[in-house]
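Q: The following block contains the structure, expressed as structure tokens.
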Amino acid sequence: MAASGERLFEGADWDFPILQRIHDACEEIARKELGLDVYPNQIEVITAEQMLDAYSSVGMPLFYKHWSFGKQFAFQEASYRKGLMGLAYEIVINSSPCISYLMEENTATMQTLVIAHAAFGHNHFFKNNYLFKQWTDAEGILDYLEFAKGYIATCEDRHGREAVERTIDAAHALMSHGVDRYPGKKTLDLRDEEKRAGQRRQHEESVFNDLWRTVPNAKAKTKAALTAERRHALLGLPQENILYFLEKTAPRLAPWQRELIRIVRHIAQYFYPQSQTKVMNEGTATYVHYRIMNRLHQQGRITDGNFLEFLQSHTNVVFQPEFDDRRYSGFNPYALGFAMMQDIERIVASPEQEDREWFPDIAGKRDVEGVLREIWSNYRDESFISQFLSPALIRRFRLFHLHDDPAESAGIKVDAIHDERGYRRVRRELARQYDVGFVDANIEVVDVDLDGDRRLMLRHTTVKGAQLNETDTRRVLQHLADLWSYDVALTEVDGTDKVLKEYVISPRAAAVAA
Amino acid sequence: MAIHIVDRRLNPGSKSLENRQRFLRRAKALVQGAVKKTSQERDIKDVLEGGEVSIPLDGMDEPRFRREGGTRDMVLPGNKKFIEGDWLPRPSQSGGKGSGAGEGDSEDAFRFVLSRDEFVDLFLDDLELPDLAKRKLAQTESEGIQRAGYATSGSPANISISRTVGRALARRVALRRPRKDEIEALEAELAACDDSVRRSELLAQLEALKAKKKRIPFIDPIDIRYRRFEAVPKPVAQAVMFCLMDVSGSMSEHMKDLAKRFYMLLYVFLRRRYKHVEIVFIRHTDRAEEVDEDTFFHGPASGGTLVSSALVAMNDIVRTRFRPSDWNIYAAQASDGDNMTSDSAVTGQLLTNNILPVCQFFAYLEVGEAANYTFDMPDSSLWTLYERLRNDGAPLSMRKVSERGEIFPVFQDLFKRRGKQERVA
């Protein structure tokens with residue numbers, strides 16, 4: 001390991017021993033100063049072309065073949081060639097060992113930045129955040145992808161490419177509704193079942209009161225209601241994971257088709273935490289690289305020139321255009337995340353009176369790294385923002401909340417701004433923008449007509465009057481009907497169960513499940 | 001802690017190639033339409049360079065459940081003058097709403113770049129030489145390799161393990177090679193035995209078994225079998241294309257340009273799609289000569305017009321080099337249609353008696369002046385002659401071209417893949 005004060009590199013060029021030195025220097029700071037806990041690192045150097053390849057397979061080093069990735073690749077390649085799009089400096093994969101791809105044309109400074117950002121920032125987040133712990137298996141993902149790729153290729157050989165493609169197309173269309181949002185209950189084994197039955201009996205005995213007999217019974221349920229209840233219990237309804245439901249209960253799918261659906265579902269589930277933690281994940285990584293780079297500069301391991309180069313790209317990354325800027329396209333997760341992490345650092349280290357009122361738990365606690373690590377482990381974007389977006393930050397970003405009701409002819413209402421009355425409302429609305437419950441349409445499988453035509457019934461409960469786009473919905477339902485192989489009906493209802501719209505789609509003649 | 005640094009730069013690139021091919025295959029009809037549309041606006045050279053095409057996304061989209069409308073709430077940064085309770089006018093519909101609009105736009109006009117090969121392949125995709133019927137077992141190049149049973153000798157790479165092990169097993173069973181458990185059982189018995197007579201008996205037995213086991217090897221060289229491969233000749237369809245071009249004085253620069261473009265296209269098409277097609281270039285004024293491709297496309301020449309001279313030259317070449325029973329013979333002729341009146345009879349005779357009987361297909365392209373008055377004029381002498389022949393049932397196909405843009409459609413029309421019944425009209 002380089003002694004403190006010794007330069008890691010000179011100029012812009014790097015080679016593999018330098019990468020090793022950079023990694024070791026970063027690691028020392030990450031572990032000793034920030035107390036990070038990371039998966040083993042694997043750093044891979046790739047070319048721009050390989051980076052483009054990686055883009056089209058959602059960043060994974062291996063992935064099954066499908067035309068939609070080719071379409072994405074053609075599109076990205078075209079815009080990259082035209083100069084419309086720059087490439088990322090790195091891609092990092094939530095796996096153990098944690099793989100980070102570095103572009104070969106990065107300068108030595110950029111490689112340092114990227115190693116600090118990906119190999120330590122993201123890596124720590126992947127290993128410690130509760131969502132990733134709960135939903136992803138970092139050790140197994142690469143093996144699983146390998147299996148998926150092989151399995152799909154075998155299916156293509158055996159059943160023909162078109163049949164496989166049709167099934168995967170259909171599964172892709174439903175991918176956003178193929179994730180479990182809550183950890184399911186574990187099925188008990190026999191011994192636990194018995195124990196629980198015993199406890200239940202004991203409880204019944206302990207609360208036995210003969211008087212209950214005299215209380216008039218509720219009206220007995222009709223036979224129809226009982227069969228419906230039984231059917232729901234058997235099929236596990238209502239079910240919001242549509243792919244899971246199809247995999248388990250679609251009547252006419254071949255076993256290999258169920259396996260394909262399962263593969264798509266597993267991959268959707270693997271990426272599910274990432275979509276819920278964009279702000280936090282990037283905020284963490286940006287904060288970590290900022291701390292590490294500053295410390296390296298203080299120790300004299302990188303020159304002033306290198307540090308300036310770093311500051312320039314760092315500033316670009318955390319730039320947040322204002323709403324009336326031509327460059328504005330929503331919140332930059334790097335900017336928001338990094339600002340919040342720094343703000344928490346400020347609150348913990350040197351709070352104002354206001355911060356003490358808003359954040360009594362962490363204000364003035366002094367252990368910045370401890371508090372941040374705790375936050376990184378236990379929150380996702382929505383809860384993170386609704387807990388830790390401070391009035392000071394709302395003022396700094398000059399956030400305001402617009403409420404646009406199409407029925408209102410006067411126009412769009414400014415509902416809250418960065419003042420005493422508005423802080424909480426602004427914060428709640430911003431948090432809601434990151435709430436998966438609001439981001440995805442709430443669609444559930446509610447019933448199957450087992451006595452009649454086996455029609456599958458779904459329900460979309462609308463939020464704030466937003467209905468589904470008709471063309472797209474018909475196409476998705478067509479895919480769904482092909483997999484189900486009987487009619488599919490979707491009803492859109494509002495909060496009061498009033499029916500807004502109904503769709504009924506029949507499977508195509510040459511349906512997937514023949 | 002362990003860290004691995006891996007240099008992936010030398011790994012083969014284009015991992016996405018297969019996905020890209022799948023995408024193109026799926027979008028084939030759409031891309032092909034786009035390719036044809038673009039190719040009409042371009043120069044031949046440019047066409048063959050590939051380039052950007054844009055396709056509509058019908059059938060290529062990936063639908064998702066998507067919501068729209070309803071009440072919207074948004075939190076934005078950068079407030080300058082608004083206070084709570086202000087009402088802002090809605091932006092006009094045409095203006096779009098910034099972030100939301102971007103996505104839709106990029107989806108409608110999906111543009112991407114095709115490589116040169118992809119472009120040409122798609123462009124030439126549904127073209128073929130008609131009636132490629134005479135197939136022949138031909139020379140060296142057409143040999144393929146195919147599995148042909150097993151052999152007792154061969155290269156170690158070709159050892160068939162399952163065969164070898166199977167035969168070894170059969171041999172061991174047949175020769176009663178002692179099995180391991182038999183020997184072990186005897187050894188165990190020996191260890192447990194106290195009786196000396198029995199012991200020596202057992203010892204002798206054991207000795208014999210061990211010796212036998214040694215004599216009969218587990219795998220013997222005679223067991224080994226190799227997979228055998230055999231070179232088999234594959235029939236190839238041999239074909240020759242005669243390109244006959246009129247370069248006489250009556251052909252204007254424009255006409256020559258059209259004719260050359262046509263042949264250029266024909267040349268690329270044949271080179272790309274048929275490995276075994278020979279191409280013979282003949283240009284003629286009042287006399288014909290066989291030239292190489294460079295002279296054909298770029299060499300200057302001028303003079304009178306005798307169409308029969310080219311046909312005579314072609315006939316000679318067919319007689320000396322391409323036996324009609326072995327070769328599929330094609331010809332494409334480009335001319336302005338002028339011919340000496342005295343030559344018509346000779347030309348007609350040559351065609352009916354010598355050329356057309358041996359040809360699978362004869363294409364005649366009449367090039368005209370840029371202005372469209374050509375089509376008001378009476379048919380040229382050559383056109384009239386060929387029309388008569390065609391009506392008599394000769395495998396002749398004729399087209400008129402007077403604009404650059406017509407070259408591609410005419411070319412595709414001439415070489416379009418056809419069903420068996422549908423003869424070239």
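Residue names in the structure tokens use chain letters A, B, ... in the order shown, residue numbers from 1 in each chain, and ligand numbers from 1 in the order shown.
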Distance table requested - chain A against chain B, cut-off 7 Å, only C-alpha atoms: one row per qualifying residue with the closest atom pair and its distance in Å to one decimal, ordered by chain and rising residue number, as CSV.

A:
```
residue,atom,partner,partner_atom,distance
A:Pro40,CA,B:Ile3,CA,6.4
A:Asn41,CA,B:Ile3,CA,5.1
A:Gln42,CA,B:His4,CA,4.7
A:Ile43,CA,B:Ile5,CA,4.7
A:Glu44,CA,B:Val6,CA,4.6
A:Val45,CA,B:Asp7,CA,5.0
A:Ile46,CA,B:Arg9,CA,4.8
A:Thr47,CA,B:Arg9,CA,5.6
A:Glu49,CA,B:Gly13,CA,6.9
A:Gln50,CA,B:Gly13,CA,6.0
A:Asp53,CA,B:Ser16,CA,5.6
A:Lys65,CA,B:Asn19,CA,5.8
A:His66,CA,B:Asn19,CA,5.7
A:Trp67,CA,B:Phe23,CA,4.3
A:Ser68,CA,B:Phe23,CA,6.7
A:Phe69,CA,B:Asn19,CA,6.0
A:Gly70,CA,B:Arg20,CA,3.9
A:Lys71,CA,B:Phe23,CA,5.7
A:Ala74,CA,B:Phe112,CA,5.7
A:Phe75,CA,B:Phe112,CA,5.7
A:Ala78,CA,B:Phe112,CA,5.1
A:Ala173,CA,B:Arg64,CA,5.3
A:Leu174,CA,B:Arg64,CA,6.8
A:Glu322,CA,B:Gly78,CA,4.7
A:Phe323,CA,B:Pro77,CA,5.7
A:Ser329,CA,B:Ser99,CA,5.1
A:Gly330,CA,B:Ser99,CA,6.9
A:Phe397,CA,B:Pro77,CA,5.4
A:Arg398,CA,B:Gly78,CA,5.0
A:Leu399,CA,B:Pro77,CA,4.4
A:Phe400,CA,B:Val75,CA,5.6
A:His401,CA,B:Val75,CA,4.4
A:Leu402,CA,B:Met74,CA,5.3
A:His403,CA,B:Asp73,CA,4.7
A:Asp404,CA,B:Arg72,CA,5.0
A:Asp405,CA,B:Thr71,CA,4.6
A:Pro406,CA,B:Thr71,CA,6.3
A:Ala410,CA,B:Trp87,CA,6.7
A:Gly411,CA,B:Pro89,CA,4.7
A:Ile412,CA,B:Leu88,CA,5.0
A:Lys413,CA,B:Trp87,CA,4.7
A:Val414,CA,B:Asp86,CA,5.2
A:Asp415,CA,B:Glu84,CA,5.5
A:Ala416,CA,B:Glu84,CA,5.1
A:Ile417,CA,B:Glu84,CA,6.0
A:Val426,CA,B:Val75,CA,6.8
A:Glu429,CA,B:Val75,CA,6.7
A:Leu430,CA,B:Val75,CA,5.7
A:Lys464,CA,B:Thr71,CA,5.4
A:Gly465,CA,B:Gly70,CA,4.2
A:Ala466,CA,B:Gly70,CA,4.1
A:Gln467,CA,B:Arg67,CA,5.3
A:Leu468,CA,B:Arg67,CA,4.2
A:Asn469,CA,B:Arg67,CA,5.6
A:Asp472,CA,B:Pro63,CA,5.2
A:Thr473,CA,B:Phe65,CA,5.6
A:Arg475,CA,B:Pro63,CA,6.2
A:Val476,CA,B:Pro63,CA,5.8
```

Q: Any chance you could export the current selection's C-alpha atoms as a PDB file, in the first residue's frame?

A:
```pdb
ATOM      1  CA  PRO A  40     -15.066  -8.299  -2.818  1.00  0.00           C
ATOM      2  CA  ASN A  41     -14.346  -6.109  -5.816  1.00  0.00           C
ATOM      3  CA  GLN A  42     -13.763  -7.146  -9.379  1.00  0.00           C
ATOM      4  CA  ILE A  43     -12.727  -4.352 -11.706  1.00  0.00           C
ATOM      5  CA  GLU A  44     -13.013  -4.907 -15.446  1.00  0.00           C
ATOM      6  CA  VAL A  45     -11.614  -2.578 -18.064  1.00  0.00           C
ATOM      7  CA  ILE A  46     -13.694  -2.383 -21.233  1.00  0.00           C
ATOM      8  CA  THR A  47     -13.857  -0.423 -24.486  1.00  0.00           C
ATOM      9  CA  GLU A  49     -18.009  -0.582 -27.900  1.00  0.00           C
ATOM     10  CA  GLN A  50     -18.249  -3.103 -25.104  1.00  0.00           C
ATOM     11  CA  ASP A  53     -23.015  -3.798 -25.670  1.00  0.00           C
ATOM     12  CA  LYS A  65     -30.994 -13.196 -26.407  1.00  0.00           C
ATOM     13  CA  HIS A  66     -34.037 -11.254 -27.425  1.00  0.00           C
ATOM     14  CA  TRP A  67     -34.842  -8.886 -30.255  1.00  0.00           C
ATOM     15  CA  SER A  68     -35.873  -6.064 -27.935  1.00  0.00           C
ATOM     16  CA  PHE A  69     -32.285  -5.770 -26.693  1.00  0.00           C
ATOM     17  CA  GLY A  70     -31.177  -5.531 -30.313  1.00  0.00           C
ATOM     18  CA  LYS A  71     -33.657  -2.763 -30.904  1.00  0.00           C
ATOM     19  CA  ALA A  74     -29.549  -0.144 -32.587  1.00  0.00           C
ATOM     20  CA  PHE A  75     -31.180   2.905 -31.109  1.00  0.00           C
ATOM     21  CA  ALA A  78     -27.315   5.495 -33.548  1.00  0.00           C
ATOM     22  CA  ALA A 173     -45.090  -6.778 -21.535  1.00  0.00           C
ATOM     23  CA  LEU A 174     -46.180  -7.808 -18.055  1.00  0.00           C
ATOM     24  CA  GLU A 322     -34.155  24.566 -12.578  1.00  0.00           C
ATOM     25  CA  PHE A 323     -37.656  23.864 -13.819  1.00  0.00           C
ATOM     26  CA  SER A 329     -35.895  16.820 -17.291  1.00  0.00           C
ATOM     27  CA  GLY A 330     -36.960  15.966 -13.796  1.00  0.00           C
ATOM     28  CA  PHE A 397     -33.497  24.005  -4.098  1.00  0.00           C
ATOM     29  CA  ARG A 398     -36.401  26.465  -3.867  1.00  0.00           C
ATOM     30  CA  LEU A 399     -38.850  23.599  -4.274  1.00  0.00           C
ATOM     31  CA  PHE A 400     -42.503  24.211  -4.984  1.00  0.00           C
ATOM     32  CA  HIS A 401     -45.496  21.992  -5.476  1.00  0.00           C
ATOM     33  CA  LEU A 402     -47.898  22.318  -8.417  1.00  0.00           C
ATOM     34  CA  HIS A 403     -51.336  20.777  -8.413  1.00  0.00           C
ATOM     35  CA  ASP A 404     -52.863  20.298 -11.857  1.00  0.00           C
ATOM     36  CA  ASP A 405     -56.502  19.304 -11.868  1.00  0.00           C
ATOM     37  CA  PRO A 406     -57.826  19.076 -15.449  1.00  0.00           C
ATOM     38  CA  ALA A 410     -58.296  28.574 -13.756  1.00  0.00           C
ATOM     39  CA  GLY A 411     -55.120  26.657 -14.527  1.00  0.00           C
ATOM     40  CA  ILE A 412     -52.448  25.007 -12.406  1.00  0.00           C
ATOM     41  CA  LYS A 413     -52.379  25.796  -8.738  1.00  0.00           C
ATOM     42  CA  VAL A 414     -49.219  26.543  -6.788  1.00  0.00           C
ATOM     43  CA  ASP A 415     -50.040  24.484  -3.760  1.00  0.00           C
ATOM     44  CA  ALA A 416     -46.978  24.901  -1.588  1.00  0.00           C
ATOM     45  CA  ILE A 417     -43.615  26.658  -1.692  1.00  0.00           C
ATOM     46  CA  VAL A 426     -43.584  19.765  -0.462  1.00  0.00           C
ATOM     47  CA  GLU A 429     -45.436  15.254  -2.453  1.00  0.00           C
ATOM     48  CA  LEU A 430     -41.815  14.766  -3.467  1.00  0.00           C
ATOM     49  CA  LYS A 464     -56.131  10.523  -8.883  1.00  0.00           C
ATOM     50  CA  GLY A 465     -58.190   9.792 -11.990  1.00  0.00           C
ATOM     51  CA  ALA A 466     -55.315   8.542 -14.156  1.00  0.00           C
ATOM     52  CA  GLN A 467     -56.574   5.801 -16.474  1.00  0.00           C
ATOM     53  CA  LEU A 468     -54.640   3.389 -18.649  1.00  0.00           C
ATOM     54  CA  ASN A 469     -53.650   4.312 -22.168  1.00  0.00           C
ATOM     55  CA  ASP A 472     -51.094   0.010 -25.050  1.00  0.00           C
ATOM     56  CA  THR A 473     -53.480  -1.641 -22.658  1.00  0.00           C
ATOM     57  CA  ARG A 475     -51.796  -4.807 -26.634  1.00  0.00           C
ATOM     58  CA  VAL A 476     -50.672  -5.876 -23.184  1.00  0.00           C
TER      59      VAL A 476
END
```

Q: Using DSSP assignments from the backbone, pull out every residue in region 232-357 of chain B that falls under strand (DSSP E or B) and give it to me as a PDB file with N, CA and C atoms, in the first residue's frame.

A:
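Result file is out37.pdb:
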```pdb
ATOM      1  N   VAL B 232     -17.688 -35.214 -49.605  1.00  0.00           N
ATOM      2  CA  VAL B 232     -18.687 -35.514 -50.630  1.00  0.00           C
ATOM      3  C   VAL B 232     -18.818 -34.321 -51.571  1.00  0.00           C
ATOM      4  N   PRO B 233     -18.854 -34.585 -52.823  1.00  0.00           N
ATOM      5  CA  PRO B 233     -19.059 -33.487 -53.759  1.00  0.00           C
ATOM      6  C   PRO B 233     -20.503 -33.001 -53.658  1.00  0.00           C
ATOM      7  N   PRO B 235     -23.536 -30.815 -55.494  1.00  0.00           N
ATOM      8  CA  PRO B 235     -23.887 -30.250 -56.790  1.00  0.00           C
ATOM      9  C   PRO B 235     -24.006 -28.733 -56.691  1.00  0.00           C
ATOM     10  N   VAL B 236     -23.431 -28.053 -57.626  1.00  0.00           N
ATOM     11  CA  VAL B 236     -23.579 -26.608 -57.667  1.00  0.00           C
ATOM     12  C   VAL B 236     -24.280 -26.240 -58.963  1.00  0.00           C
ATOM     13  N   ALA B 237     -25.015 -25.202 -58.882  1.00  0.00           N
ATOM     14  CA  ALA B 237     -25.599 -24.696 -60.106  1.00  0.00           C
ATOM     15  C   ALA B 237     -24.597 -23.735 -60.718  1.00  0.00           C
ATOM     16  N   ALA B 239     -23.576 -21.004 -63.408  1.00  0.00           N
ATOM     17  CA  ALA B 239     -24.319 -20.059 -64.225  1.00  0.00           C
ATOM     18  C   ALA B 239     -23.368 -19.024 -64.797  1.00  0.00           C
ATOM     19  N   VAL B 240     -23.758 -18.510 -65.921  1.00  0.00           N
ATOM     20  CA  VAL B 240     -22.977 -17.431 -66.515  1.00  0.00           C
ATOM     21  C   VAL B 240     -23.929 -16.323 -66.937  1.00  0.00           C
ATOM     22  N   MET B 241     -23.501 -15.110 -66.682  1.00  0.00           N
ATOM     23  CA  MET B 241     -24.324 -13.960 -67.060  1.00  0.00           C
ATOM     24  C   MET B 241     -23.581 -13.183 -68.141  1.00  0.00           C
ATOM     25  N   PHE B 242     -24.233 -12.999 -69.264  1.00  0.00           N
ATOM     26  CA  PHE B 242     -23.642 -12.166 -70.317  1.00  0.00           C
ATOM     27  C   PHE B 242     -24.198 -10.762 -70.198  1.00  0.00           C
ATOM     28  N   CYS B 243     -23.300  -9.804 -70.086  1.00  0.00           N
ATOM     29  CA  CYS B 243     -23.750  -8.420 -70.048  1.00  0.00           C
ATOM     30  C   CYS B 243     -23.431  -7.798 -71.412  1.00  0.00           C
ATOM     31  N   LEU B 244     -24.461  -7.499 -72.156  1.00  0.00           N
ATOM     32  CA  LEU B 244     -24.261  -6.933 -73.490  1.00  0.00           C
ATOM     33  C   LEU B 244     -24.629  -5.456 -73.453  1.00  0.00           C
ATOM     34  N   MET B 245     -23.651  -4.593 -73.726  1.00  0.00           N
ATOM     35  CA  MET B 245     -23.974  -3.175 -73.675  1.00  0.00           C
ATOM     36  C   MET B 245     -23.645  -2.492 -74.997  1.00  0.00           C
ATOM     37  N   ASP B 246     -24.588  -1.711 -75.436  1.00  0.00           N
ATOM     38  CA  ASP B 246     -24.430  -0.908 -76.642  1.00  0.00           C
ATOM     39  C   ASP B 246     -23.692   0.370 -76.261  1.00  0.00           C
ATOM     40  N   VAL B 277     -21.219 -17.852 -60.131  1.00  0.00           N
ATOM     41  CA  VAL B 277     -21.697 -17.237 -61.364  1.00  0.00           C
ATOM     42  C   VAL B 277     -20.525 -16.560 -62.065  1.00  0.00           C
ATOM     43  N   GLU B 278     -20.343 -16.911 -63.322  1.00  0.00           N
ATOM     44  CA  GLU B 278     -19.331 -16.227 -64.134  1.00  0.00           C
ATOM     45  C   GLU B 278     -20.007 -15.045 -64.799  1.00  0.00           C
ATOM     46  N   ILE B 279     -19.241 -14.003 -65.006  1.00  0.00           N
ATOM     47  CA  ILE B 279     -19.824 -12.861 -65.681  1.00  0.00           C
ATOM     48  C   ILE B 279     -18.971 -12.545 -66.903  1.00  0.00           C
ATOM     49  N   VAL B 280     -19.618 -12.417 -68.044  1.00  0.00           N
ATOM     50  CA  VAL B 280     -18.902 -12.079 -69.275  1.00  0.00           C
ATOM     51  C   VAL B 280     -19.389 -10.708 -69.733  1.00  0.00           C
ATOM     52  N   PHE B 281     -18.442  -9.803 -69.922  1.00  0.00           N
ATOM     53  CA  PHE B 281     -18.811  -8.460 -70.357  1.00  0.00           C
ATOM     54  C   PHE B 281     -18.569  -8.319 -71.857  1.00  0.00           C
ATOM     55  N   ILE B 282     -19.584  -7.945 -72.576  1.00  0.00           N
ATOM     56  CA  ILE B 282     -19.407  -7.705 -74.008  1.00  0.00           C
ATOM     57  C   ILE B 282     -19.951  -6.325 -74.319  1.00  0.00           C
ATOM     58  N   ARG B 283     -19.131  -5.497 -74.944  1.00  0.00           N
ATOM     59  CA  ARG B 283     -19.693  -4.221 -75.393  1.00  0.00           C
ATOM     60  C   ARG B 283     -19.570  -4.156 -76.908  1.00  0.00           C
ATOM     61  N   HIS B 284     -20.470  -3.433 -77.525  1.00  0.00           N
ATOM     62  CA  HIS B 284     -20.420  -3.440 -78.979  1.00  0.00           C
ATOM     63  C   HIS B 284     -20.779  -2.074 -79.550  1.00  0.00           C
ATOM     64  N   ALA B 288     -18.242  -6.178 -81.893  1.00  0.00           N
ATOM     65  CA  ALA B 288     -18.315  -6.465 -80.464  1.00  0.00           C
ATOM     66  C   ALA B 288     -16.976  -6.951 -79.947  1.00  0.00           C
ATOM     67  N   GLU B 289     -16.711  -6.696 -78.675  1.00  0.00           N
ATOM     68  CA  GLU B 289     -15.504  -7.258 -78.073  1.00  0.00           C
ATOM     69  C   GLU B 289     -15.803  -7.663 -76.630  1.00  0.00           C
ATOM     70  N   GLU B 290     -15.115  -8.696 -76.193  1.00  0.00           N
ATOM     71  CA  GLU B 290     -15.236  -9.075 -74.788  1.00  0.00           C
ATOM     72  C   GLU B 290     -14.212  -8.270 -74.005  1.00  0.00           C
ATOM     73  N   VAL B 291     -14.648  -7.649 -72.918  1.00  0.00           N
ATOM     74  CA  VAL B 291     -13.736  -6.799 -72.149  1.00  0.00           C
ATOM     75  C   VAL B 291     -13.794  -7.210 -70.685  1.00  0.00           C
ATOM     76  N   ASN B 328     -26.178 -22.798 -66.711  1.00  0.00           N
ATOM     77  CA  ASN B 328     -27.351 -21.947 -66.799  1.00  0.00           C
ATOM     78  C   ASN B 328     -26.890 -20.639 -67.426  1.00  0.00           C
ATOM     79  N   ILE B 329     -27.487 -20.282 -68.515  1.00  0.00           N
ATOM     80  CA  ILE B 329     -26.995 -19.113 -69.229  1.00  0.00           C
ATOM     81  C   ILE B 329     -28.009 -17.971 -69.161  1.00  0.00           C
ATOM     82  N   TYR B 330     -27.516 -16.820 -68.773  1.00  0.00           N
ATOM     83  CA  TYR B 330     -28.361 -15.629 -68.676  1.00  0.00           C
ATOM     84  C   TYR B 330     -27.739 -14.526 -69.504  1.00  0.00           C
ATOM     85  N   ALA B 331     -28.586 -13.611 -69.960  1.00  0.00           N
ATOM     86  CA  ALA B 331     -28.033 -12.465 -70.652  1.00  0.00           C
ATOM     87  C   ALA B 331     -28.846 -11.233 -70.313  1.00  0.00           C
ATOM     88  N   ALA B 332     -28.139 -10.131 -70.196  1.00  0.00           N
ATOM     89  CA  ALA B 332     -28.831  -8.867 -69.988  1.00  0.00           C
ATOM     90  C   ALA B 332     -28.283  -7.908 -71.021  1.00  0.00           C
ATOM     91  N   GLN B 333     -29.181  -7.313 -71.780  1.00  0.00           N
ATOM     92  CA  GLN B 333     -28.738  -6.426 -72.839  1.00  0.00           C
ATOM     93  C   GLN B 333     -29.287  -5.038 -72.588  1.00  0.00           C
ATOM     94  N   ALA B 334     -28.407  -4.039 -72.752  1.00  0.00           N
ATOM     95  CA  ALA B 334     -28.874  -2.664 -72.627  1.00  0.00           C
ATOM     96  C   ALA B 334     -28.557  -1.930 -73.915  1.00  0.00           C
ATOM     97  N   SER B 335     -29.556  -1.217 -74.415  1.00  0.00           N
ATOM     98  CA  SER B 335     -29.340  -0.507 -75.672  1.00  0.00           C
ATOM     99  C   SER B 335     -30.364   0.623 -75.778  1.00  0.00           C
TER     100      SER B 335
END
```

Q: Quick one: residues within 8 Å of Thr136 (chain A), only C-alpha atoms, excluding same-chain residues fewer than 3 positions away - as a list of chain:residue names?

A: A:Leu131, A:Phe132, A:Lys133, A:Ile141, A:Gln269, A:Tyr270

Q: Which of these residues is nearest to Val348 (chain A), using only C-alpha atoms: A:Tyr379, A:Phe16, A:Tyr423, A:Phe388?

A: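 Looking at the shortest contact to Val348 (chain A), the residue is A:Phe388.
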
Q: Which distance in Å separates CA of Leu8 (chain A) and CA of Arg31 (chain A), to one decimal?

A: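 CA of Leu8 (chain A) sits 18.4 Å away from CA of Arg31 (chain A).
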